[in-house]
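As provided, protein08.txt (compact mmCIF, C-alpha atoms) reads as follows.
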# COMPACT_ATOMS: atom_id res chain seq x y z
CA MET I 1 -82.22 -20.41 -7.16
CA THR I 2 -82.63 -17.46 -9.46
CA ALA I 3 -86.11 -16.76 -10.84
CA THR I 4 -84.94 -16.74 -14.45
CA PHE I 5 -82.39 -19.34 -15.46
CA PRO I 6 -79.85 -18.88 -16.74
CA PRO I 7 -79.70 -15.29 -15.48
CA ALA I 8 -78.22 -12.49 -17.56
CA PRO I 9 -75.57 -12.09 -18.79
CA PHE I 10 -75.16 -15.84 -19.32
CA PRO I 11 -76.32 -17.17 -22.72
CA GLY I 12 -79.75 -18.76 -22.80
CA PRO I 13 -82.92 -19.11 -24.86
CA GLY I 14 -83.54 -16.07 -26.99
CA THR I 15 -79.89 -15.02 -27.06
CA THR I 16 -78.45 -18.04 -28.86
CA GLY I 17 -79.29 -20.28 -31.79
CA ALA I 18 -80.60 -19.74 -35.30
CA ASP I 19 -83.36 -17.36 -36.33
CA LEU I 20 -84.90 -18.21 -39.70
CA THR I 21 -87.84 -15.85 -39.26
CA GLY I 22 -88.71 -14.15 -42.54
CA ILE I 23 -86.47 -16.40 -44.64
CA THR I 24 -88.25 -18.42 -47.32
CA LEU I 25 -86.40 -21.71 -47.65
CA THR I 26 -86.14 -23.65 -50.90
CA SER I 27 -86.68 -27.36 -50.32
CA VAL I 28 -84.02 -29.80 -51.56
CA PRO I 29 -84.58 -31.95 -53.59
CA ALA I 30 -88.28 -31.12 -54.04
CA GLN I 31 -87.68 -27.59 -55.41
CA ALA I 32 -83.99 -27.61 -56.35
CA THR I 33 -81.31 -30.22 -57.03
CA SER I 34 -78.32 -28.05 -57.95
CA GLY I 35 -76.93 -24.55 -57.74
CA PRO I 36 -73.62 -22.65 -57.87
CA GLY I 37 -70.99 -25.04 -56.53
CA TRP I 38 -73.39 -27.74 -55.29
CA THR I 39 -75.47 -30.71 -56.43
CA TRP I 40 -77.95 -33.10 -54.83
CA VAL I 41 -76.67 -36.70 -54.72
CA SER I 42 -79.92 -38.65 -54.69
CA ALA I 43 -78.37 -42.07 -54.11
CA GLN I 44 -76.96 -40.92 -50.75
CA ASN I 45 -79.53 -38.23 -49.89
CA TYR I 46 -77.10 -35.38 -49.41
CA VAL I 47 -76.03 -32.09 -50.90
CA GLN I 48 -72.45 -32.18 -52.15
CA ILE I 49 -70.66 -28.82 -52.15
CA THR I 50 -67.56 -28.89 -54.36
CA GLY I 51 -67.23 -25.27 -55.44
CA THR I 52 -64.39 -23.37 -53.78
CA GLY I 53 -65.83 -20.38 -51.92
CA ALA I 54 -69.43 -21.45 -52.63
CA THR I 55 -72.29 -20.08 -50.53
CA PHE I 56 -75.19 -22.45 -49.84
CA SER I 57 -77.92 -20.25 -48.37
CA GLY I 58 -81.67 -20.38 -47.86
CA TYR I 59 -82.32 -24.10 -48.30
CA ALA I 60 -84.24 -26.74 -46.35
CA ILE I 61 -83.14 -30.36 -46.49
CA PRO I 62 -85.81 -32.21 -44.54
CA ALA I 63 -84.44 -35.72 -45.17
CA GLY I 64 -80.77 -35.46 -46.04
CA GLY I 65 -77.46 -33.90 -45.17
CA ILE I 66 -74.64 -31.72 -46.46
CA TYR I 67 -71.10 -32.75 -47.38
CA VAL I 68 -68.59 -29.91 -47.74
CA LYS I 69 -65.73 -30.95 -50.02
CA ALA I 70 -64.10 -27.63 -50.93
CA PRO I 71 -62.38 -24.78 -49.09
CA GLY I 72 -63.97 -21.47 -48.20
CA VAL I 73 -67.56 -22.74 -48.22
CA THR I 74 -70.36 -20.96 -46.35
CA VAL I 75 -73.54 -22.78 -45.31
CA GLU I 76 -76.02 -20.29 -43.89
CA ASN I 77 -79.72 -19.72 -43.25
CA CYS I 78 -80.54 -23.39 -43.74
CA SER I 79 -82.55 -26.15 -42.10
CA VAL I 80 -81.08 -29.66 -42.15
CA GLY I 81 -83.10 -32.60 -40.89
CA GLY I 82 -81.53 -35.81 -42.17
CA SER I 83 -79.35 -38.41 -40.54
CA TYR I 84 -76.12 -37.02 -42.06
CA GLY I 85 -76.22 -33.54 -40.58
CA ILE I 86 -73.39 -31.41 -41.94
CA TYR I 87 -70.03 -33.07 -42.56
CA VAL I 88 -66.96 -31.03 -43.53
CA GLN I 89 -64.27 -33.13 -45.18
CA SER I 90 -60.54 -32.48 -44.85
CA ALA I 91 -60.55 -30.38 -48.03
CA GLY I 92 -63.06 -27.99 -46.45
CA ASP I 93 -60.72 -25.50 -44.80
CA ASN I 94 -62.22 -22.17 -43.71
CA ALA I 95 -65.77 -23.54 -43.76
CA THR I 96 -68.43 -21.40 -42.05
CA ILE I 97 -71.78 -22.72 -40.84
CA ALA I 98 -74.02 -19.89 -39.66
CA ASN I 99 -77.65 -19.40 -38.64
CA CYS I 100 -78.65 -22.97 -39.40
CA VAL I 101 -81.05 -25.36 -37.68
CA VAL I 102 -79.51 -28.84 -37.69
CA VAL I 103 -81.61 -31.66 -36.23
CA THR I 104 -80.13 -35.14 -36.56
CA PRO I 105 -81.99 -38.21 -35.26
CA GLY I 106 -80.47 -40.87 -33.02
CA GLY I 107 -78.14 -43.31 -34.67
CA GLY I 108 -76.04 -40.63 -36.34
CA THR I 109 -72.59 -39.62 -35.16
CA ALA I 110 -72.93 -35.83 -35.02
CA CYS I 111 -75.07 -32.95 -36.17
CA ILE I 112 -71.99 -31.09 -37.41
CA GLU I 113 -68.59 -32.73 -37.82
CA PHE I 114 -65.24 -31.52 -39.12
CA GLU I 115 -62.93 -34.23 -40.41
CA ALA I 116 -59.38 -34.57 -39.06
CA GLY I 117 -57.07 -32.10 -40.76
CA THR I 118 -59.74 -29.51 -41.50
CA GLN I 119 -58.57 -26.03 -40.55
CA TYR I 120 -60.29 -22.85 -39.37
CA GLY I 121 -63.84 -24.15 -39.13
CA THR I 122 -66.54 -21.86 -37.73
CA VAL I 123 -70.02 -22.68 -36.40
CA SER I 124 -71.98 -19.58 -35.43
CA GLY I 125 -75.52 -18.86 -34.27
CA CYS I 126 -76.88 -22.34 -34.98
CA THR I 127 -79.56 -24.44 -33.28
CA ILE I 128 -78.20 -27.97 -32.98
CA SER I 129 -80.02 -30.98 -31.55
CA GLY I 130 -81.00 -34.60 -31.79
CA ALA I 131 -84.57 -35.64 -32.55
CA ASP I 132 -85.55 -36.01 -28.88
CA ILE I 133 -84.05 -36.35 -25.41
CA GLY I 134 -84.10 -40.18 -25.35
CA ALA I 135 -83.67 -42.75 -28.11
CA GLY I 136 -83.57 -39.97 -30.69
CA ARG I 137 -80.62 -38.23 -29.08
CA ILE I 138 -77.56 -37.69 -31.28
CA SER I 139 -74.14 -38.82 -30.09
CA SER I 140 -72.51 -35.39 -30.50
CA GLY I 141 -73.74 -31.93 -31.34
CA VAL I 142 -70.48 -30.65 -32.81
CA VAL I 143 -67.27 -32.62 -33.37
CA THR I 144 -63.91 -31.27 -34.44
CA ASN I 145 -60.91 -33.51 -34.89
CA SER I 146 -57.24 -32.88 -34.27
CA GLY I 147 -55.29 -30.58 -36.51
CA ASP I 148 -57.44 -27.42 -36.57
CA PRO I 149 -55.37 -24.43 -35.42
CA GLY I 150 -58.42 -22.17 -35.20
CA PHE I 151 -61.86 -23.70 -34.62
CA THR I 152 -64.69 -21.41 -33.46
CA LEU I 153 -68.07 -22.30 -31.94
CA THR I 154 -70.09 -19.28 -30.89
CA GLY I 155 -73.67 -18.29 -30.11
CA CYS I 156 -75.14 -21.77 -30.57
CA ASP I 157 -78.06 -23.47 -28.81
CA ILE I 158 -77.22 -27.18 -28.36
CA SER I 159 -79.48 -29.84 -26.84
CA TRP I 160 -80.69 -33.48 -27.04
CA CYS I 161 -77.22 -34.92 -27.59
CA LYS I 162 -74.92 -37.14 -25.52
CA ASN I 163 -72.00 -34.71 -25.86
CA ALA I 164 -72.61 -31.16 -27.00
CA PHE I 165 -69.03 -30.63 -28.21
CA GLU I 166 -66.00 -32.87 -28.43
CA ASN I 167 -62.66 -33.07 -30.15
CA ALA I 168 -62.51 -36.67 -31.21
CA GLN I 169 -59.05 -37.40 -32.61
CA PRO I 170 -56.90 -38.61 -29.71
CA TYR I 171 -53.20 -38.83 -28.99
CA LEU I 172 -52.18 -35.79 -31.05
CA THR I 173 -51.99 -37.83 -34.25
CA GLU I 174 -53.08 -34.86 -36.34
CA GLY I 175 -51.86 -32.03 -34.11
CA ILE I 176 -53.73 -30.12 -31.42
CA VAL I 177 -57.05 -28.35 -31.83
CA ASN I 178 -57.08 -24.68 -30.89
CA VAL I 179 -60.64 -23.71 -30.02
CA THR I 180 -62.64 -20.60 -29.29
CA LEU I 181 -65.94 -21.56 -27.63
CA THR I 182 -67.91 -18.47 -26.61
CA GLY I 183 -71.50 -17.49 -25.89
CA ASN I 184 -73.05 -20.94 -26.31
CA TYR I 185 -76.07 -22.37 -24.47
CA VAL I 186 -75.86 -26.13 -23.81
CA HIS I 187 -78.85 -27.68 -22.06
CA ASP I 188 -81.28 -30.64 -21.93
CA LEU I 189 -78.73 -33.25 -22.92
CA GLY I 190 -79.98 -36.56 -24.30
CA PHE I 191 -79.47 -39.89 -22.61
CA VAL I 192 -79.83 -43.61 -23.28
CA ALA I 193 -78.53 -46.45 -21.14
CA LEU I 194 -74.73 -46.56 -20.70
CA ASP I 195 -74.17 -43.04 -22.07
CA HIS I 196 -71.26 -40.96 -20.79
CA THR I 197 -72.93 -37.56 -21.01
CA ASP I 198 -70.95 -34.29 -21.12
CA CYS I 199 -71.46 -30.74 -22.27
CA LEU I 200 -67.82 -30.61 -23.35
CA TYR I 201 -65.69 -33.71 -23.78
CA LEU I 202 -62.17 -32.50 -24.47
CA SER I 203 -59.70 -35.26 -25.19
CA TYR I 204 -55.97 -35.19 -25.87
CA GLY I 205 -54.72 -32.16 -27.71
CA ILE I 206 -56.86 -29.11 -26.90
CA SER I 207 -55.91 -25.47 -26.42
CA GLY I 208 -57.61 -22.09 -26.71
CA VAL I 209 -60.39 -20.22 -24.92
CA ILE I 210 -63.72 -21.37 -23.47
CA SER I 211 -65.52 -18.31 -22.16
CA GLY I 212 -68.96 -16.87 -21.44
CA ASN I 213 -70.96 -20.06 -22.02
CA THR I 214 -73.86 -21.70 -20.18
CA PHE I 215 -73.24 -25.43 -19.68
CA LEU I 216 -76.03 -27.46 -18.04
CA ASN I 217 -76.05 -31.25 -17.56
CA GLN I 218 -79.17 -32.41 -15.74
CA TYR I 219 -77.91 -35.97 -15.21
CA ALA I 220 -76.18 -37.16 -12.03
CA GLU I 221 -73.21 -38.68 -13.86
CA SER I 222 -70.14 -37.80 -15.94
CA ASP I 223 -69.30 -34.10 -16.07
CA VAL I 224 -70.21 -30.72 -17.49
CA ILE I 225 -66.69 -30.00 -18.75
CA GLY I 226 -64.39 -33.00 -18.92
CA LEU I 227 -60.68 -32.78 -19.71
CA THR I 228 -58.61 -35.83 -20.53
CA GLY I 229 -55.06 -35.74 -19.21
CA GLY I 230 -52.36 -34.72 -21.62
CA ASN I 231 -53.94 -31.55 -23.04
CA PRO I 232 -50.85 -29.46 -23.77
CA GLY I 233 -52.72 -26.15 -23.63
CA PRO I 234 -52.63 -23.39 -22.89
CA LEU I 235 -56.39 -23.59 -22.30
CA ALA I 236 -58.31 -20.77 -20.61
CA ILE I 237 -61.75 -21.62 -19.15
CA THR I 238 -63.27 -18.43 -17.84
CA GLY I 239 -66.60 -16.71 -17.18
CA ASN I 240 -68.78 -19.79 -17.73
CA LEU I 241 -71.86 -21.02 -15.86
CA LEU I 242 -71.77 -24.71 -14.92
CA ALA I 243 -74.45 -26.87 -13.30
CA GLY I 244 -75.15 -30.55 -12.85
CA ALA I 245 -73.52 -33.88 -13.81
CA GLY I 246 -71.54 -36.12 -11.46
CA TYR I 247 -68.99 -33.31 -11.21
CA CYS I 248 -69.35 -29.94 -12.90
CA PHE I 249 -65.69 -29.92 -13.85
CA TYR I 250 -63.33 -32.85 -14.33
CA GLY I 251 -59.82 -31.45 -14.42
CA GLY I 252 -58.17 -34.55 -15.85
CA GLN I 253 -55.03 -34.15 -13.76
CA PRO I 254 -55.05 -35.13 -10.07
CA THR I 255 -52.57 -33.37 -7.82
CA GLY I 256 -49.30 -35.28 -7.87
CA HIS I 257 -49.91 -36.56 -11.41
CA ALA I 258 -48.73 -33.71 -13.59
CA THR I 259 -48.60 -35.97 -16.62
CA THR I 260 -51.42 -38.51 -16.50
CA SER I 261 -51.59 -39.48 -20.15
CA GLY I 262 -49.32 -37.10 -21.99
CA PRO I 263 -47.50 -33.77 -21.56
CA PRO I 264 -48.37 -31.52 -18.59
CA MET I 265 -51.59 -29.55 -18.89
CA LEU I 266 -51.56 -25.74 -18.87
CA THR I 267 -55.14 -24.92 -17.91
CA THR I 268 -56.46 -21.70 -16.40
CA PHE I 269 -59.86 -22.05 -14.69
CA THR I 270 -60.92 -18.62 -13.44
CA GLY I 271 -64.00 -16.44 -13.03
CA ASN I 272 -66.51 -19.28 -13.48
CA TRP I 273 -69.81 -19.73 -11.67
CA PHE I 274 -71.25 -22.94 -10.23
CA SER I 275 -75.00 -23.40 -9.79
CA THR I 276 -77.04 -25.66 -7.50
CA ARG I 277 -79.84 -25.79 -10.07
CA TYR I 278 -79.79 -29.59 -10.18
CA PHE I 279 -77.81 -30.68 -7.13
CA PRO I 280 -76.87 -28.95 -3.88
CA LEU I 281 -73.17 -29.59 -4.51
CA GLY I 282 -73.29 -28.24 -8.07
CA GLY I 283 -72.66 -31.71 -9.43
CA TYR I 284 -74.15 -34.78 -7.84
CA PHE I 285 -70.85 -35.53 -6.09
CA GLY I 286 -69.42 -32.01 -6.08
CA PRO I 287 -68.30 -29.07 -8.24
CA VAL I 288 -64.80 -30.26 -9.21
CA THR I 289 -62.54 -33.28 -9.17
CA ASP I 290 -59.09 -34.29 -10.45
CA TRP I 291 -57.66 -30.79 -10.53
CA GLY I 292 -53.88 -30.65 -10.28
CA SER I 293 -52.17 -27.40 -9.32
CA GLU I 294 -48.65 -28.15 -10.54
CA THR I 295 -49.04 -26.57 -13.99
CA ASN I 296 -52.55 -25.10 -13.76
CA THR I 297 -54.20 -21.97 -12.36
CA TRP I 298 -57.44 -21.85 -10.34
CA GLY I 299 -59.04 -18.72 -8.91
CA GLY I 300 -62.05 -16.43 -8.66
CA ASN I 301 -64.63 -19.19 -9.12
CA TYR I 302 -67.85 -18.72 -7.14
CA TRP I 303 -71.23 -20.21 -6.27
CA LEU I 304 -74.01 -18.52 -8.22
CA ASP I 305 -76.84 -19.62 -5.94
CA GLY I 306 -77.70 -21.97 -3.09
CA PRO I 307 -76.70 -21.55 0.55
CA SER I 308 -73.13 -20.56 -0.36
CA ALA I 309 -74.09 -18.01 -3.06
CA GLY I 310 -71.26 -15.56 -3.63
CA GLN I 311 -68.70 -17.70 -1.82
CA PRO I 312 -65.59 -19.00 -3.56
CA VAL I 313 -65.38 -22.58 -4.80
CA PRO I 314 -62.08 -24.21 -3.84
CA ALA I 315 -60.27 -26.43 -6.30
CA VAL I 316 -59.92 -29.27 -3.81
CA GLN I 317 -63.10 -30.76 -2.35
CA THR I 318 -62.56 -32.87 0.74
CA PHE I 319 -64.91 -35.49 2.19
CA THR I 320 -64.61 -38.73 4.14
CA TYR I 321 -66.56 -41.94 3.60
CA GLN I 322 -67.96 -43.18 6.91
CA THR I 323 -68.97 -46.71 7.84
CA PRO I 324 -72.72 -46.43 7.26
CA PRO I 325 -75.25 -47.50 9.86
CA ALA I 326 -77.56 -50.35 8.96
CA VAL I 327 -80.60 -49.34 6.93
CA PRO I 328 -83.54 -49.35 9.38
CA ALA I 329 -86.95 -50.85 8.73
CA SER I 330 -89.27 -48.87 6.49
CA GLY I 331 -90.70 -45.79 8.25
CA THR I 332 -88.24 -45.98 11.18
CA PRO I 333 -86.27 -42.76 11.86
CA LEU I 334 -82.49 -43.05 12.26
CA ALA I 335 -80.56 -40.25 13.94
CA ASN I 336 -77.38 -39.00 12.32
CA PRO I 337 -74.73 -40.81 14.43
CA PHE I 338 -71.66 -38.83 13.35
CA GLY I 339 -72.02 -35.52 15.20
CA ALA I 340 -71.42 -33.64 11.91
CA ASP I 341 -73.25 -32.74 8.72
CA VAL I 342 -73.41 -35.74 6.38
CA THR I 343 -74.36 -36.44 2.78
CA VAL I 344 -76.35 -39.63 2.33
CA VAL I 345 -76.56 -41.26 -1.11
CA ILE I 346 -79.33 -43.86 -1.28
CA THR I 347 -79.42 -46.60 -3.90
CA ALA I 348 -82.76 -48.23 -4.64
CA PRO I 349 -81.88 -51.49 -6.39
CA ALA I 350 -84.14 -53.62 -8.55
CA GLY I 351 -86.90 -55.09 -6.41
CA CYS I 352 -87.00 -52.08 -4.08
CA ALA I 353 -89.94 -49.70 -4.12
CA LEU I 354 -88.59 -46.54 -2.44
CA THR I 355 -91.56 -44.22 -1.98
CA ALA I 356 -90.35 -41.49 0.37
CA VAL I 357 -87.21 -40.02 1.97
CA THR I 358 -87.19 -37.56 4.87
CA PRO I 359 -85.48 -35.05 4.85
CA ALA I 360 -86.40 -34.44 1.25
CA ALA I 361 -83.94 -35.86 -1.27
CA THR I 362 -82.55 -33.86 -4.18
CA ALA I 363 -83.54 -36.24 -6.98
CA LEU I 364 -86.81 -37.82 -7.95
CA ILE I 365 -87.67 -41.05 -6.17
CA PRO I 366 -87.05 -43.85 -8.71
CA PRO I 367 -89.93 -46.00 -9.91
CA ALA I 368 -90.39 -49.41 -8.34
CA GLY I 369 -87.93 -51.96 -9.69
CA ALA I 370 -85.49 -49.34 -11.05
CA THR I 371 -81.89 -49.09 -9.91
CA ALA I 372 -81.32 -45.41 -9.20
CA GLN I 373 -79.85 -43.06 -6.63
CA VAL I 374 -81.20 -40.17 -4.58
CA MET I 375 -79.17 -37.90 -2.33
CA VAL I 376 -79.82 -36.16 0.98
CA PRO I 377 -77.21 -33.37 1.25
CA GLY I 378 -75.37 -32.19 4.32
CA ALA I 379 -77.47 -29.04 4.38
CA SER I 380 -80.44 -31.25 5.28
CA MET I 381 -78.66 -33.95 7.29
CA THR I 382 -77.08 -31.81 9.99
CA ALA I 383 -75.78 -33.20 13.25
CA GLY I 384 -78.61 -34.49 15.40
CA THR I 385 -81.24 -34.77 12.67
CA SER I 386 -82.86 -38.04 11.58
CA ILE I 387 -83.45 -39.76 8.28
CA THR I 388 -86.44 -41.94 7.41
CA LEU I 389 -86.83 -44.19 4.38
CA THR I 390 -90.21 -45.52 3.30
CA TYR I 391 -89.88 -48.57 1.11
CA SER I 392 -91.05 -52.09 0.36
CA GLY I 393 -89.41 -55.14 -1.16
CA THR I 394 -85.61 -55.22 -1.26
CA THR I 395 -83.84 -53.10 1.37
CA PRO I 396 -82.14 -49.97 -0.04
CA ALA I 397 -78.38 -49.42 0.29
CA TRP I 398 -76.65 -46.17 1.17
CA THR I 399 -73.31 -44.40 1.68
CA TRP I 400 -72.56 -41.68 4.26
CA THR I 401 -69.86 -39.03 3.83
CA THR I 402 -68.76 -36.17 6.07

Is it possible to express this structure as structure tokens?
Amino acid sequence: MTATFPPAPFPGPGTTGADLTGITLTSVPAQATSGPGWTWVSAQNYVQITGTGATFSGYAIPAGGIYVKAPGVTVENCSVGGSYGIYVQSAGDNATIANCVVVTPGGGTACIEFEAGTQYGTVSGCTISGADIGAGRISSGVVTNSGDPGFTLTGCDISWCKNAFENAQPYLTEGIVNVTLTGNYVHDLGFVALDHTDCLYLSYGISGVISGNTFLNQYAESDVIGLTGGNPGPLAITGNLLAGAGYCFYGGQPTGHATTSGPPMLTTFTGNWFSTRYFPLGGYFGPVTDWGSETNTWGGNYWLDGPSAGQPVPAVQTFTYQTPPAVPASGTPLANPFGADVTVVITAPAGCALTAVTPAATALIPPAGATAQVMVPGASMTAGTSITLTYSGTTPAWTWTT
């Protein structure tokens, strides 16, 4: 693992997000309730911007939001802390949100959202997050809906949300979204029970370029970048750093299923880097799944670190589930019976206090009574080695793959 993470030149802290240093913010509504093209709507606790081409700059809204209802609006150098975040309505074409800190507590839909039909939205150099990593997490950092031929998200620091970015209008009802996502740092995603947590959740109708970003998902589920079948593309995903999740990349189109839920996808996935920062396989289960080659291009993707650093990552990951041996009594070593390296995934169900795993597992041992998984990778469970579980109460379960 590299000493500084993410390493240069990938985006990270200090190179992304808003910088309000030296800017004196005027508090709304305490110090101002109106200005050129905008008014404070006290009954709903939000700023309403109705002036075409208006610039809303240098304001703090500690307990409210912003509604953009006119074209050509710029919101810049602001701090927004209410449950609304920033919402751009369909009349708000060519809206720009720049150098803003937007913190929206749990329960809200998104920190920044563009309504279906809005065109040419831009979010640049913003710090975007929920209130905390747990119950205060926001559902989405940034949402754009179908119908935007030119949406841009660049240089942002996004955290404490279930999904950092998603296009939310499915089935092409408003036309595809063409995106440019560059130079963003997504990290420390939020989670509550039953969440499906992604850095990017890209549903039907996405095209454009996703390049030079850092995407980190510390949870052992879902994906870092998830595509839903039927994206017409073309979509180029290149030069990004991915780490974590169930799989780092969900291609949305298994081989042999060129049209899973819509027209064939035209995705190029090249020049990306996979990290073992969270899991030895990049994602908990592996770096990539559901990648179909019929209409897509894969190449030049490499491991950043770990035992395979500098080696290429193939698009197809192969493994075989084996019939697992019986779980031995607590503290009893069990030799690997398969004559090959194996990955062992251990589930500690409710009523099981799993206190130790040897060789060392790659996830924290769950607390007593919690249903959770830990994994012993093939790099540790080589042919001829043994595994020992120390536990009390209910017997753990496990799967073995080669």

> What is the CA of Thr320 in chain I to CA of Trp298 in chain I distance in Å?
Replying inline: 23.4 Å

Can you check which parts of range 62-162 of chain I lie within 7 Å of range 174-192 of chain I? Per residue, the shortest pair of atoms and distance in Å to one decimal, counting only C-alpha atoms, sorted by chain and number, as CSV.
residue,atom,partner,partner_atom,distance
I:Ala116,CA,I:Glu174,CA,6.9
I:Gly117,CA,I:Glu174,CA,6.6
I:Ile133,CA,I:Gly190,CA,4.2
I:Gly134,CA,I:Phe191,CA,5.4
I:Ala135,CA,I:Val192,CA,6.2
I:Arg137,CA,I:Gly190,CA,5.1
I:Ser146,CA,I:Glu174,CA,5.1
I:Gly147,CA,I:Gly175,CA,4.4
I:Asp148,CA,I:Val177,CA,4.8
I:Pro149,CA,I:Asn178,CA,4.8
I:Gly150,CA,I:Asn178,CA,5.2
I:Phe151,CA,I:Val179,CA,4.8
I:Thr152,CA,I:Thr180,CA,4.7
I:Leu153,CA,I:Leu181,CA,4.9
I:Thr154,CA,I:Thr182,CA,4.9
I:Gly155,CA,I:Asn184,CA,4.7
I:Cys156,CA,I:Asn184,CA,4.8
I:Asp157,CA,I:Tyr185,CA,4.9
I:Ile158,CA,I:Val186,CA,4.9
I:Ser159,CA,I:Leu189,CA,5.2
I:Trp160,CA,I:Gly190,CA,4.2
I:Cys161,CA,I:Gly190,CA,4.6
I:Lys162,CA,I:Gly190,CA,5.2

Could you please take those selected residues and save C-alpha atoms as a compact mmCIF listing (two decimals), in the frame of the given file?
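What ended up in out37.txt:
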# COMPACT_ATOMS: atom_id res chain seq x y z
CA ALA I 116 -59.38 -34.57 -39.06
CA GLY I 117 -57.07 -32.10 -40.76
CA ILE I 133 -84.05 -36.35 -25.41
CA GLY I 134 -84.10 -40.18 -25.35
CA ALA I 135 -83.67 -42.75 -28.11
CA ARG I 137 -80.62 -38.23 -29.08
CA SER I 146 -57.24 -32.88 -34.27
CA GLY I 147 -55.29 -30.58 -36.51
CA ASP I 148 -57.44 -27.42 -36.57
CA PRO I 149 -55.37 -24.43 -35.42
CA GLY I 150 -58.42 -22.17 -35.20
CA PHE I 151 -61.86 -23.70 -34.62
CA THR I 152 -64.69 -21.41 -33.46
CA LEU I 153 -68.07 -22.30 -31.94
CA THR I 154 -70.09 -19.28 -30.89
CA GLY I 155 -73.67 -18.29 -30.11
CA CYS I 156 -75.14 -21.77 -30.57
CA ASP I 157 -78.06 -23.47 -28.81
CA ILE I 158 -77.22 -27.18 -28.36
CA SER I 159 -79.48 -29.84 -26.84
CA TRP I 160 -80.69 -33.48 -27.04
CA CYS I 161 -77.22 -34.92 -27.59
CA LYS I 162 -74.92 -37.14 -25.52

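Nearest to Tyr247 in chain I of all the residues I:Cys111, I:Ala383, I:Ala220, I:Leu227 is I:Ala220, counting all atoms listed in the file.
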
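If you look at CA of Thr268 in chain I and CA of Phe114 in chain I, they are 26.3 Å away from each other.
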
> Near Gly82 in chain I, within 8 Å and counting only C-alpha atoms, which residues show up once chain neighbours fewer than 6 positions away are dropped, as a PyMOL selection string?
Replying inline: chain I and resi 61-65+103-105

> What does the distance from CA of Gly271 in chain I to CA of Asn301 in chain I come to in Å, to one decimal?
Replying inline: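 Between these atoms lies a distance of 4.8 Å.
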
> Smallest atom-to-atom distance to Gly393 in chain I: which of I:Val288, I:Ala329, I:Ile346, I:Ile225, using all atoms listed in the file?
Replying inline: I:Ala329

> Which residue, I:Ala18, I:Leu241, I:Val75, I:Ile86, has the smallest gap to Asn99 in chain I when you use only C-alpha atoms?
Replying inline: I:Ala18

> Mind listing as an MDAnalysis selection string all residues within 7 Å of (-65.5, -25.7, -47.0), counting only C-alpha atoms?
Replying inline: chainID I and resid 68:74 88 91:95

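Using all atoms listed in the file, the shortest contact distance between Gly310 in chain I and any of I:Gly252, I:Phe285, I:Thr347, I:Asn272 is found at I:Asn272.
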
> Using all atoms listed in the file, which residues sit within 6 Å of Cys199 in chain I once same-chain residues fewer than 4 positions away are excluded, as an MDAnalysis selection string?
Replying inline: chainID I and resid 163:164 224:225

>> Set the distance at 9 Å and use all atoms listed in the file: which residues neighbour Pro234 in chain I once local chain neighbours fewer than 4 positions away are removed? I'd like the list as a list in words.
In response: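 So, after excluding close chain neighbours, the residues are Ile206, Ser207, Gly208, Val209, Met265, Leu266, Thr267 and Thr268 of chain I.
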
> Of the residues I:Pro11, I:Pro333, I:Gly121, I:Pro328, which is the one nearest to Ser90 in chain I, using all atoms listed in the file?
Replying inline: I:Gly121
